[in-house]
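Down below is the structure, laid out as C-alpha cells.
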Number of protein chains: 2
Amino acid sequence: MLRLSRMTDYSVLVLSRMAAQPEQLFTAAALAHMTALPAPTVAKALKTLARANIVVSERGSSGGYLLAHAAADITVGTIIAAVDGPVALVACADGVEGQCAVENLCPMRGHWDPLNQAVLNALESVSLADMMVADYAVASTRQEDTQKTPIAKTPIEFRL
Amino acid sequence: MLRLSRMTDYSVLVLSRMAAQPEQLFTAAALAHMTALPAPTVAKALKTLARANIVVSERGSSGGYLLAHAAADITVGTIIAAVDGPVALVACADGVEGQCAVENLCPMRGHWDPLNQAVLNALESVSLADMMVADYAVASTRQEDTQKTPIAKTPIEFRL
DNA sequence: ATAAATAGAACCGATTTAATCCTGATTGGC
DNA sequence: GCCAATCAGGATTAAATCGGTTCTATTTAT
C-alpha cells in the first residue's frame, strides 16, 4: 500500500526527538527509552543514519549521537534514501540497469520517470523541521530523567 | 525502498496496453500474452481493477475487459489505491484510527499529513495517458495475432 | 447444451522485513 | 594500564507480506 518501512518511521521519530535539542549528545539507549521504541532496533537505525552522515556518532565511553545538520536541512527524502535505499518506484526507473530480464524490449522503459520524479520532489520538499513536534521542546528537557532510568522491558508497538 | 508492488506495476502495464485501443474488448489471456506477463496474475489484477471500476468487464463467452474511462482520467494514484489499498505512508496518517497502540500519546500524530499529502498529489498528477507508450499504437493492432496464439509456457520476469 | 469467459475464494511458496544477538573497536574514567 | 560504556558491523532467526496458482461457480454467445 505504498507504505514507508517501519525503520524509516522509527528513524524520523528518533531524529525528530533529537532535533528538539540539536546540540545534545544522546546515547542509543536513551533515545530508545525516550521514544518508547525497541532498543536494538533504534540502535540499528542510528548506525545506518550515522553511515549516511545524517547523525554524527561519538564513540567511546561517553559517546552518543547528535544531528549532523540543522533540522531544516534534513529532508524526509534523504532519510528514506538512507534507511530504505534509493527511492525508485519501479526497478527500471532512474537509470538502474540490469534489473529487468527483458529490459531492452520493455515498452514502458523510461515512462516511469515522470512519476518517480514527482514523488521524489514531494519527499524532498518536506524537511525534518516541518515534521517536528512542539511537544518535545517543553517535555523532558532534563537529561537525568532519561539517562539512567531502565529501558522498558516490553518493547512497545509505537506505530503499527 | 518505497517501491510499488509488482501487482501495481503489472496493472499499469496492462492498462497502458488497453489504452492504445480504448474501445477494444480484451480477454485476460490476450492481455497476458501481449504484455508477456504471467496469465493467472494478469487475470487476478484485472478482477481487482474491475471491482474498482477502472475497467469494465463483459462476462460470458465473448467477454473481456475494456477501460472504463479515458486514459487521461485514470491517475496512477487511483490505480495504486485500487490494487494496493489506500496510499498511507504511515498507519496513523489520513485519519486512520485504532491502528496504533499508543495513538493518543503519539507526539507525531498529525505531523505526517503534509508529507502524505505531497506524495498523494504527486500520484494524482500523473495519468495513464502520461505514461502511455507510443509503440503500442503501431504494433500488433490486429487481434488475430494475439487472440488465438498459445500463452507462453514460461512466465517471463518482466520487471524485477 | 456446450464452450468460453469472468468472479471470487482459498491456498502454498517465496521473498522481504523486523528484530535480535554476537563479536570487535574505540574512548573516557579510575 | 585496566575497566566499563558505547558505537560498528555482520550474522541469524522469526514473522509478515506478497506473488502466483488453482479450483469452483456464474454468465453468455453460439
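For the C-alpha cells, the naming scheme is as follows: chains receive sequential letters (A, B, ...) according to their order of presentation, residues are indexed from 1 within each chain, and ligands are indexed from 1 in presentation order.
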Using only C-alpha atoms (C1' of nucleotides), which protein or nucleic acid residues come within 9 Å of Ile54 in chain A? Drop anything in the same chain fewer than 3 positions from it, and give the result as JSON, numbers by chain.
{"A": [48, 49, 50, 51, 66, 67, 68, 69, 74, 78, 79, 82]}
What would the file look like if the residues just selected were written as an mmCIF file, in the first residue's frame with C-alpha atoms?
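The resulting file, selection-v5.cif, is reproduced below:
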```
data_model
loop_
_atom_site.group_PDB
_atom_site.id
_atom_site.type_symbol
_atom_site.label_atom_id
_atom_site.label_comp_id
_atom_site.auth_asym_id
_atom_site.auth_seq_id
_atom_site.Cartn_x
_atom_site.Cartn_y
_atom_site.Cartn_z
ATOM 1 C CA THR A 48 22.565 3.443 9.449
ATOM 2 C CA LEU A 49 21.889 7.133 9.894
ATOM 3 C CA ALA A 50 25.480 7.656 11.008
ATOM 4 C CA ARG A 51 26.799 5.958 7.886
ATOM 5 C CA LEU A 66 23.848 14.125 17.515
ATOM 6 C CA LEU A 67 22.361 15.637 14.403
ATOM 7 C CA ALA A 68 24.860 16.325 11.652
ATOM 8 C CA HIS A 69 22.809 19.158 10.173
ATOM 9 C CA ILE A 74 17.394 17.230 6.535
ATOM 10 C CA THR A 78 17.188 11.911 2.459
ATOM 11 C CA ILE A 79 16.121 9.860 5.442
ATOM 12 C CA ALA A 82 19.469 6.363 3.792
#
```
Item to check | At most 7 Å to chain D: residues in chain A, only C-alpha atoms (C1' of nucleotides), as a PyMOL selection string | outcome: chain A and resi 59-63
Write the residues of the selection above to a file with C-alpha atoms, as a short mmCIF file (atom, residue, chain, number, x, y, z; two decimals), in the first residue's frame.
```cif
data_model
loop_
_atom_site.label_atom_id
_atom_site.label_comp_id
_atom_site.auth_asym_id
_atom_site.auth_seq_id
_atom_site.Cartn_x
_atom_site.Cartn_y
_atom_site.Cartn_z
CA ARG A 59 32.44 6.58 20.08
CA GLY A 60 33.81 5.53 23.41
CA SER A 61 32.67 5.57 26.95
CA SER A 62 30.72 8.81 26.91
CA GLY A 63 29.74 8.62 23.30
#
```
Discussion item. Just want the 7 Å neighbourhood of range 13-17 of chain B, counted on only C-alpha atoms (C1' of nucleotides), with same-chain residues fewer than 6 positions away dropped. Output as a count of residues only.
Written reply: 5
- Message: What are the residues of chain C lining chain A at 12 Å or less? Count only C-alpha atoms (C1' of nucleotides), and put the answer as a ChimeraX atom specification.
- Response: /C:16-21,25-29
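Considering the residues A:Asp130, A:Asp84, A:Glu124, A:Asp113 and counting only C-alpha atoms, chain B has its shortest atom-to-atom contact with A:Asp84.
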#### Entry: Expected answer as a ChimeraX atom specification: strand (DSSP E) residues in range 7-88 of chain B
/B:55-58,64-67
From the list A:Met34, A:Val42, A:Ala71, A:Leu2, the nearest residue to chain B using only C-alpha atoms is A:Leu2
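Here CA of Ala20 in chain B stands at a distance of 23.1 Å from CA of Leu4 in chain B.
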Check range 3-122 of chain B with DSSP on the backbone and list each residue it calls helix (DSSP H, G or I), as a count of residues only.
-> 60
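Proximity of A:Asn53, A:Gln117, A:Ser11, A:Gln21 to chain B, computed with only C-alpha atoms, is greatest for A:Gln117.
Going from CA of Ala122 in chain B over to CA of Ala81 in chain A, you cover 18.0 Å.
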